Every structure is written in structure tokens, then in C-alpha cells.
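Working notes, structure below.
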Amino acid sequence: MATVKVNQLHLDDLPWIVEYDEAKCIQCGKCVATCSFKAIKPAIEQRKVSGSITEKNKIEKRIVIKQNISFSEYCRGCGMCTRVCPNGALKITKNNDSRLSVRYRAEKGESIKKGGRSNLNTEGRTLDKIKVGRISQMTDPSLDAVRHTFELKTPLGRVLSADKLNFEIKNDEIISNTKLPPNRWIYPIIIGDMSIGAVSWRMWEAMAIATAYLNEVMGIPVRMCTGEGGIPSKLLKSKYVKYMILQIASGHFGWNRIIDAMPDMVEDPAGILIKIGQGAKPGDGGMLMANKVAKYIQEIRGVPKADLLSPPNHQGLYSIEESVQKMFLSMNAAFNFKVPVAIKVAASATSVSVYNNLLRDPYNIVGGFFLDGLAAGTGAAYEISLNHTGHPITSKLRDCYLAAVHQGRQGEIPIFAGGGLGQTGSFAADAFKLICLGANGVFTGRLLLEIAGCIGNDLDKCNACNTGLCPAGIASQDICLTKRLDIDKVAQNLVNFFIATDFELRKLMAATGCSSLPIGRSDALITVDKNVADRLDIQYVC
Amino acid sequence: MKTITIEGLIKNNRISTQDLLQEIQEKINEGYTNFEINACGQHDIGGSSWAKDPNESLTFKITNPGQRVGAMARKGTKIYVNGSTPADVGWLNSGAEIIVNGDCGDTAAHCAASGHIYVSGRVGTRSGALMKYDPKFPVPEFWVLKNTGSYSFEFMSGGIAVVCGFDCSDIESVLGKRACVGMVGGTIYFRGNVKDIASCVEIKELSQEDIDFLTAGMDKFLSAIDKRGLKDTLLNFNEWKKITPLPPDKKINKISVSDFHKNDWIEGGIFGDFIDDDYKVYPLATTGEGRLQEPIWDSSKCINCKLCINNCPQNAIKEDYSIDENKCIGCAFCATVCPKNAWEMKNNKKEIS
Amino acid sequence: MCRIGAIKSKRYIHPSMALKLMRSQQEGHDDSGFAFVMQDLGGIFETYKDLPCLSMAATVQGTRLAEDILHDIGFSRVLQWSPEVNHQKGLKISPMPNYIFEVLQYPKSHKYATKEEKEELLIDTCLKIRKTLEENNSGYIYSFWPDILTLKEIGSPKDIGTYFNLWNDKEGPYAKIITAQCRQNTNYDIVRYAAHPFVLEGYTVLANGENTFYEKNKLYQQGLYKGYVGFESDSQCFLYTLHYVNKILKWPLKYFMHVINPLSYDSINQRKDKDILLRIKASLEHLETNGPNAVLAVTPDGKLLCVCDPKKLRPVAIGRNEDTVIMTSEVAGINDILPHRDIRKDIYPKEREMVVINNDLTVERWQQ
């Protein structure tokens, strides 16, 4: 008989409890076969069959489904087992008194790693406290989302103030003989920065297909940012690279391949994004655990099979001046100053200083400012970063925009905001509100994962992207799991989502009488929260 | 027939629309049916009124009206405007004959539901929008000698419009830009160029029935605007076409994403040089190569108790303890029930190569 | 929705024409105010075209404050015109105690000043007077520029005409260009500064409609030039943008419409001048007004222009004969003034169209 000691890990310690109803179970085994975390297992239980104490014990052995109690193989609450169970014999409930995080540290002497998103959804969202309250009625007519034409494009790239364009007038026409920084006119929603490696090849390719389809078939000029994990050469050398924003982060993964592919590139990429930080784990660099470093990732990234922990800073960049010179100048030069180069930073108390500094850029080589808030997602991070560092996007975006207004330079470096957009199911509204607060556009990553079938949430459900055991085949490099993902279905769902969102953006633009993007139209927003109103300089209503 | 002239401007005093309309109504009540109105931009003249004697009709001869001439006008009303008019001529026309010997401002014939509107010049933006047809009443007709402004015939759901395109050879579209958005019913006949028409409608050649309609209607129209001489110019049917809403089955379907993937995407996929992916999709709890774990049998430990065979939910274990891979889902029941640990569950963890 | 009108003629015309032009459009406004700007002045002003003309309405204190400022800077009065006001009972008007229309001589210090230096002095003086009047709540300065006269008042346009004796075309000021507006107010308080037409350095603008992007226009314009002040009306943004584009950036007039109503990216992309237009669209994104509006304007050299936004939800019609062109919200107004014109020559500007009336009354139409 097994002995039990009090300090052993116990079911009570685990974050999720699998409730098992034996009466409903037909013992088909599908739940166990499905669970990628090995969180449940068949087990033999002994039962006393006879009822009377006078009779000799008659014991029966039965197969039941039991939860694993382990520091590595435990239930993440993904609920795949409940999906395959034909009879609803399983139910997952959250254990609000879980001690796993304490026990794990005590047992292993190391910090906990997670994937997905923050698991302490405690703040409440500012965006949900804001309504689009300036409706066009009588004073000016609201527009018809179907009838009117709407301009949903925004520049990516350095925009010069009109007096610096050096235009000349000839025969009553403006002409320009000056070289001007590159601008691209793109859809105000960017598919954001998910690396090959962090997501499966099928997920990544589905996003690329959806992007190409939206551009080529639907005429919606969505751009996709590659993430820092490199880019397949076949994509680099195809015409579709023009829809891609190539990312470089501290790891510089895959850039040797990009440089190698340059002579064979038939199109310029849409842009370059220098990632300095990300909203989900500001102050941390990229992280990809060894179990996800598949062979092809080793090749694309130029690494062995090992835990890949990128430094939080670009080695060699220890001041903002150097950043501008080294990164912006070099990345501009790499594509002969024809491709906009933008920067992505995590929202932080210091973001305004960074933005101010970039605005002064005398060489006009800073082509965009991507600001990532704390509700963003990530493939892997230390729980301490994920849950306890970061800055909400809304006020920081507003601060940066108003800093530009203060200098009369709004729009000169387009701002793109992200970080947990669509969290409460209202992506178009989130995008619209952030645009009204001063963003040229927004970017989103984690929402796209949810569209593809990710079941994680902000209340600690799943969020095990770091393990490579993604039950949806999204954040895994395992064949059996990745092949759960239907690439065409995911691409179609992404496309559909953009079509629906595009319509919803038009609906909001129509109601507020805007036929162009309402960048900085904070007069369209109201809030019943006085603090929010004061902080964001929008109208307080009650 | 009692006739009266009403002035909209007396000395330097403009009569307000309210006073003018009330004066007209008083005169109607007194039995007047024939009005000459020298307006000064007063609105709504000729609308929603009817003669005291139901057998008589009302006639309004108007100069310089304001907006909405003949708005909500009824059957039995005849309105003649000498000169151009501002917006909303014949708005919600419910049966009147309205003749404008000049141009009309924006939204002429908006929501017209019956009657005739004849215009000897051009009409403005959004004209003919939301025209409709109620089968209990005669079909509304809207005849324009020249052209319309942009966004014409939006959301049109019934009735007939005829845009003659006279003197419009230098105009790139006699219906303006983005005409017919949201149009679901009715017919527009036009002569001349059109451009930038909504995708929910189609342009068709005339049928004999259409030609008969236009031939008969044109006579009446040209008489009304006193331009009979244009008949030969306008009745060259090679120059005419018509617009009707596209039937639902003709709406254009875009290719599916999977067809785009198959036909237009980078051949072999972007990871094709690393990965040989068959794009097969595994269901949850699958058999064969998609299993997360597979049982491995150690014959040296087996005591042939058959517990595994009997407890396998998928009947995947054969008599010789070999596994039918098409049945096994990797549930580990065999390993669990085996008293001798003869089954070991092996991770089927595979990386793509 | 307000009603706006503009008359440009080869001969000198009288403000009564503007009153008549707006009369038939009465149901389009709410009897809350009337304002007009006269440019290219005739009559007693004709000989002083190069000297600045001050238009003000003020209290006694305000009048004195303004005179002190002008005196201190060194301006001296050359001509003063005071409208003969009619105190007849029952007129719907809220008059100010004093209306000052005077032509001034530049200070001696500016005798040999360049045009730019003189203009600088005028705008600085104007802003200084405005600020002083505001601080003392003692009046309004509407324009201070050569050859321009502005009158704005609260009340019924007809009664304002009677009060200032403007119905009598035998007397009073004359000009070759008159722009006028009858107001429809959406504010509780009726503010004189919010009445169109607005004047800045010889540019005059009046608009019918809405500047949907007023807030962002304002934020951007506030820092662009010292003369961009007030913002009592969203339509002032049109004036400031016209001034910025044409005077400060020195771009040809047609680019004004590309700034306030930029074409869509897709449309621009098919044009030869796409590189220029895309730069304008990006750089002056914060000056897009996003309609709906019809804008009328006069430039310092006397061109009259009209721009319609892409939504085309605001009416405007243009009628003309050999010596006069009229632009106004409704054709009824034109019918009253020019009943015998050839209506086949009437112009109904399209969406995204700019119509320019040159000084010889030739018409240029630019489709954007």
C-alpha cells in the first residue's frame, strides 16, 4: 500500500480539478487519448461490492479516469477531454485555492514559465468604460455603412510636416524633386508579431494565406508582422512578401537568410519592425523552450535545439541615440531607404520620452511607433513578468499622441497600439476607440489565436504555449498536435473575422459621420468614469 | 374653375411658408382649384391637399418655389413650375403630376410612390433615392431630360425612372457616380454613358416591351415639358439601356480561401523546403500516426491473461497482442489493466522534418 | 444648416443684394443672425484700397481701448464710415453700442515697409485688439485688412438690414464681392465671432455644413500660425486651412480641396500626381474636414470659389449673367436676383468639385 506524506503534491494544490462522473462514463478512453498534457489517466480503483459488515469484503476492480498529480503533468483547464467525451462525464473546474505556484517554486527552486497571457485579470478594461457617444444626428447626418465609401487606410512610414516636403510649384502644379521617406498605406489593423517557433508552421502559414487573401481577393490591405523568428525563404522570394512586415528583435533570428534572399526578392516588404519590447512581458526578451525548437526552426533561426532566451536588450544598444542610429539607419539602409522602419516597445511609464525622442529624429528614418500594452499575449514568459509587469495601452497611447500634439507633430510618426484588444469580444470597437484617442492603427496577435481555436483566457485557462503541448495545434511544433489545426479553416476564419471587423469599423465610422479614419477624434468618445475622462481628456458623462 | 394668384413677397415683406400654405388651404376651402403662386422660396407648395369637390383637380402654377415642391402631393394634383427649383421636388409624391421647366436640386423624387415627375433639365444628387411601388396604386414615373447628380437611385425599390441624357455627351455618367447602391427594385432607363454603378444592379438591353413603354411615355413627357421637337433625337433606341437589380443568384461569389490556398498560394507552401505536410487534419482522439501515445507490448512480461484485450475500448488489440493501428487511439487502458506491466505507453511525439 | 451666399460682380453692388439673395432662403436659417463681408470696396472706400480697413463692433470702452492700441502703434484714421442706424421699435436685433468702420494710414515707422512687414503689423494689431476686447468683454474685431469690410450682428436678417439701413441701395458701402450668411444656430448662446463669413488676411470663408473633424483640425491648427485663433465655429478651420495651404505653403488653390477632402488611396493611386497627393494626404491628415459641407471662399486677389465635399449632402447652386455671378445654397435665391438669366448656364457643383470665378467672371471647374 502506497504511503502518503503530508507535503506531497496533492490534488488540492492543482489549479484545475477534473470532476469525473463514473455513472456517465462508457470507458471509451478518448479523454485520455486527447489530453496533450497527460493530465488524466486511466486508473484502477477498488470497490467494496457487498453491503453487509458481516460478510467478507468482496472487492471489485474498475477502470476509472483519474487526474495526474505532478509538477509537470497536470491539468491546465483546456477542456479538450470534455469535448471528446460522448456523455459529458467530465467537468473541469477552477481551483481557486490552488497552491501549485507556491509548491512549484518550493520544489524546483525556479521561477514558473507560462505562455499565453496574464493570468491575473484584475484591472478591468478602460476601453470598456468608453463609449462612442458623439453620434451624428441632425447637426450632421450619420452615414450609411453600406452606401458611403469609407477610407480605411493609414500611412506606415515617416510622415513629414507639409512645410518640410520641399514641394515646388510649376505651372500651377506641385512637383517634388526631393527624396522623401517611404510611406505605405495600409489597413489600420496589423496582424501582430507571432514568431515561427512560437506558433506552429500551420498557424503561421494560415495567417500568411489569410493576409494574402484579404489583400488579393477582398482588397483589404492588411499587413502581417512576421515576429522575430525569421521568415521562410519561399515567402521572402514570393510576391506576397509585400504584405509582410519583417521583424528584427534582439535575437536577430533569420536575418542572415533575409540578407541572402535580397537579390531574389521580387517585391519590397511592407515594412521593418524593430522589436525592443513586448507588452506581455516588458523588460524580457524572446523565449522559446527547447521542446519547440524543431529542426526547421533550428535552420531558420540558426540555432541548436536548446532553450532560446533572447536578451531583453539588443546587445550593443545601450542608449536611445544608438538605437536610432544603429537600428533605424541600418534597417533603412538595408532596403535602400525604400521600406518604412518602425519600432515596437512595451507600453511603459517611459514611453512618452521614447516617442518624444523619436519625433525629433532629424534623418526622417523612424517610420512608426508600435506601443504594446500589458494584456498582450506571448508564446512563453516567466509568470512573474506576465502577471506583474506592464502598462495598460489606453492612457499610454493617449499620452504619446498628446505629446505629439503638444509639439504640433501629430501623425508624423504613426502610432500603432496593441495589447489585449478584443479581450471582451469587441475588437472593432477597441480599434475604433484607440484610433479616436490618437492611434493610426492597431495590431493584434492573441485574438487571432483565439480565432484559430486557442482556448486560453485571462483566468489561467491553458496558457501553456511554452510547453509546446498546445492542444489546439497552434503553439506547438509536434506533428500530432499541429495536425489538429486545419490550415484552410483557420485561414478562412481569420479572413471572415477581418471582413466582419471591417464592417463593424464602418458601422462605427458611419454613426459618427466619419468617412475617413477618425485618428485623434477624441470628441467622438465619452465615459461615465470621471477619472478616465480626466486622464484621457475625453468627455465625462453621466 | 376658380383661379387665384398668391404672392410670396409683398413689398419688402416675404410671406413665411407657414402663412403662404395656410392661405392656399383657405382658398382651397373656398373652392379655388387653380393657383398661380409667385413664390419667394416658400417650401412645400402643392403638397398634401385636395380640391373641395372630389371631382375636381388642383392645379398649381408656381414661380420661384423653395424646397419640396409637390412633396406628399396627391392624385388629382397638377403642379407646373416655371424655372429651376431647390431640393426635394416630389418627395413622397403619392400621385400628382409634377412638371419642372428647369433644373431640380438634390433628392428630387425621393421616396416617390406614385404619380409622374417630369423635369426639363437636370436633377441633383441622390435623386430617385428610395422610389417605391405599391401595387394598389399606379407605378411612379420620374422623367428627366438631362442627367442626375451622383448617388442617384440609392435603395430604389420600385417604380420607373427615365434619364434621357439630352445634351450630355460630354458627361461621363448621366447617373453621376455610385448610382443605384442598395437598389432592390424598379427600373431605370437611361440614354448615354454611365460609370461607376453599384455592383448590386445590372445593365441590360431593352426589350420590345421597354421600347413600347418609352415610346408611349416619351410623347407625354415631351408634351409636358413642351419639347416635342426632341422626339426623334431621343427615340433612337440603340442609345438606350436599362438598369434593374441583380437577381440574388447572380451576385458575385468570391473564391474560397481553400481554393486560393490551392491555386494561388506559393507552390508547396512557404515551409515546403523544410516540411512535407499533407495538410491532413487529425480529429481529437485519433487513431494511427496521429495518436499522442502508442502502446508497446513486451512479450516477455505477458502472462496471456487477456485483460488488455478484453478491456480495450476500441477492440484494437488482436489475439496475438499486436495492435490494430486503425483502431487504437492510445488511451492507455491496456497499460493500466495489465498486471505485469507488459504494455508501455510510448510518446508518439514527433517533430516535423 | 445655415444659408450662405456670395455675389461677385463686375460693377459695384450693394449689401441689399445679399439681403435679397438670402431672403427667399429664409426657412433654411433661424432668424438668429446675419453677417456679410464686402471685398473690393467702392463708394467712399474706393480711393483707399491699399490702406487697412478696420471693422469692429464695441462698447464705448472697447472703442476707446482699440483706438488707444491703434494710436500707440502709430496708425492714424483716414476715413470713418458709420452706418445710419434705425432705432425703430420692434426690430429683432441685439445691437452693439458702436460700429466702427474706418480706414487707417500705416504708422510712419512702416512708411517704407515691405508688403510682408505691413501684413505682419496688421495681423499683430488685429490680434492685440481682439485680445484686449475679449479681456474687457467690450467688443469684437471682425477684420483689419485693406479693402475689406465686415458686419455681423445677432437678430433677424431682415431687421438687421433695416437697422443698418441696408435695404436702401442708394446709400452706403458698395463692393464688387459680397459674401453673406444667415445663421442657423446649434449653440445655446449666439456668439458673434461664430458667424460666417470669417476673414483672415484677405481670405474669406463661409461654409454650409459640418466639419466632422473639427476637434482634430483645431488641435493641429492651433500651433500652425498665430492668426489661427478663436475656433468659435468649426467652419473657421476651413478658413485657416485655405490660408495655410495658399498663403503659408504657397500651394495653388486647387490643393485646398485635396487637403480638406483628400481622395481615397485607391483613387489617388490611379493618378499621375499620386506621389504628391499621397504626401499631402499623409502630411495634412489632421486638416481633413470630412464634411458634409459646401465651402465658399474669396481669396485676397478677388477670386470666388466653391468646394463641395465627397458626401455631397449640402446644396449649392451657381447662376450668372454677363456681369454678375452668384453662388448660394438654394437656387431660389438666385432666381430672385437674376430671374432672367440663362438657366442653361447654371452650375450645380458636384461632389469633389471646385468652381473658381476669376476676376473677369470666367469660370474654372476642377474635378478633384
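Residue names in the C-alpha cells use chain letters A, B, ... in the order shown, residue numbers from 1 in each chain, and ligand numbers from 1 in the order shown.
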
I'd like a table as CSV: residues in chain B with an atom no more than 10 Å from chain C, each row giving the shortest atom pair and its distance in Å to one decimal, only C-alpha atoms counted, sorted by chain and rising residue number.
```
residue,atom,partner,partner_atom,distance
B:Gly8,CA,C:Ser24,CA,9.2
B:Leu9,CA,C:Ser24,CA,9.0
B:Asn12,CA,C:Trp167,CA,9.0
B:Asn13,CA,C:Lys158,CA,8.9
B:Arg14,CA,C:Arg23,CA,7.3
B:Ile15,CA,C:Ser24,CA,9.6
B:Ser16,CA,C:Glu27,CA,8.0
B:Thr17,CA,C:Glu27,CA,7.7
B:Gln18,CA,C:Glu27,CA,9.9
B:Ala39,CA,C:Ser24,CA,8.5
B:Cys40,CA,C:Ser24,CA,4.9
B:Gly41,CA,C:Ser24,CA,4.3
B:Gln42,CA,C:Ser24,CA,7.0
B:His43,CA,C:Glu27,CA,7.8
B:Thr63,CA,C:Asn335,CA,9.1
B:Asn64,CA,C:Ala332,CA,5.7
B:Pro65,CA,C:Ala332,CA,6.6
B:Gly66,CA,C:Ala332,CA,5.9
B:Gln67,CA,C:Glu330,CA,8.4
B:Gly83,CA,C:Ile343,CA,8.0
B:Ser84,CA,C:Val331,CA,6.9
B:Thr85,CA,C:Val331,CA,6.3
B:Pro86,CA,C:Glu330,CA,5.6
B:Ala87,CA,C:Pro315,CA,7.8
B:Gly102,CA,C:Ile343,CA,7.4
B:Asp103,CA,C:Ile343,CA,8.2
B:Cys104,CA,C:Val331,CA,9.0
B:Gly105,CA,C:Pro315,CA,7.5
B:Asp106,CA,C:Pro315,CA,7.0
B:Thr107,CA,C:Leu313,CA,9.8
B:Gly121,CA,C:Arg344,CA,8.3
B:Arg122,CA,C:Tyr348,CA,9.3
B:Val123,CA,C:Tyr348,CA,9.4
B:Gly124,CA,C:Tyr348,CA,7.7
B:Thr125,CA,C:Lys312,CA,7.2
B:Arg126,CA,C:Leu313,CA,9.0
B:Gly149,CA,C:Lys350,CA,7.1
B:Ser150,CA,C:Lys350,CA,7.6
B:Tyr151,CA,C:Lys312,CA,9.2
B:Gly176,CA,C:Lys350,CA,8.9
B:Lys177,CA,C:Glu351,CA,9.3
```

Can you check which parts of chain A lie within 8 Å of chain C? Per residue, the shortest pair of atoms and distance in Å to one decimal, counting only C-alpha atoms, sorted by chain and number, as a tab-separated table.
```
residue	atom	partner	partner_atom	distance
A:Thr139	CA	C:Thr186	CA	7.5
A:Asp140	CA	C:Glu210	CA	6.2
A:His148	CA	C:Lys311	CA	7.8
A:Glu151	CA	C:Ser264	CA	5.9
A:Lys153	CA	C:Tyr265	CA	7.3
A:Pro155	CA	C:Ala282	CA	6.6
A:Val159	CA	C:Ser283	CA	5.8
A:Leu160	CA	C:Ser283	CA	5.8
A:Ser161	CA	C:Ser283	CA	5.3
A:Ala162	CA	C:Ser283	CA	5.5
A:Asp163	CA	C:Leu249	CA	6.5
A:Ile169	CA	C:Trp251	CA	7.1
A:Asp172	CA	C:Pro252	CA	5.8
A:Glu173	CA	C:Pro252	CA	7.0
A:Ile174	CA	C:Ile276	CA	7.1
A:Ile175	CA	C:Ile276	CA	7.0
A:Ser176	CA	C:Ile276	CA	7.2
A:Trp185	CA	C:Tyr265	CA	7.4
A:Val405	CA	C:Leu219	CA	6.9
A:Gln407	CA	C:Gly223	CA	7.9
A:Gly408	CA	C:Gly223	CA	5.8
A:Gln410	CA	C:Tyr220	CA	7.6
A:Gly411	CA	C:Ser283	CA	7.5
A:Glu412	CA	C:Ser283	CA	7.3
A:Gly513	CA	C:Thr212	CA	6.8
A:Cys514	CA	C:Asn290	CA	6.4
A:Ser515	CA	C:Asn290	CA	6.5
A:Ser516	CA	C:Asn290	CA	7.0
A:Pro518	CA	C:Phe213	CA	7.6
A:Gly520	CA	C:Lys216	CA	6.1
A:Arg521	CA	C:Lys216	CA	5.9
A:Ser522	CA	C:Glu215	CA	7.7
A:Asp523	CA	C:Glu215	CA	6.5
```

Quiz item: What are the residues of chain A that have an atom within 8 Å of an atom of chain B, counting only C-alpha atoms, as a VMD selection string?
Solution: chain A and resid 27 to 34 36 41 to 44 63 80 84 146 to 147 201 205 209 to 210 213 217 232 to 235 238 294 to 296 477 to 481 483 to 489 491 to 492

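Taking atom CA of A:Gly390 as the reference point, atom CA of A:Gln278 is found at 9.0 Å.
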
Practice problem: Enumerate as a PyMOL selection string all residues of stretch 84-326 of chain A assigned to strand (DSSP E or B) by DSSP on the backbone, naming them with the chain letters and numbers the document uses. | Solution: chain A and resi 90-94+113-116+130-132+151+154-156+167-170+173-176+184-186+189-191+196+199+223-225+244-248+271-275+287-288+308-309

Quiz prompt | Filtered DSSP result for stretch 411-542 of chain A, state helix (DSSP H, G or I), as a ChimeraX atom specification | solution = /A:427-436,446-452,465-467,479-482,487-511,522-524,530-536

Practice problem: Measuring atom to atom with only C-alpha atoms, identify which of A:Lys275, A:Arg301, A:Arg446, A:Lys66 is nearest to A:Leu371. | Solution: A:Lys275
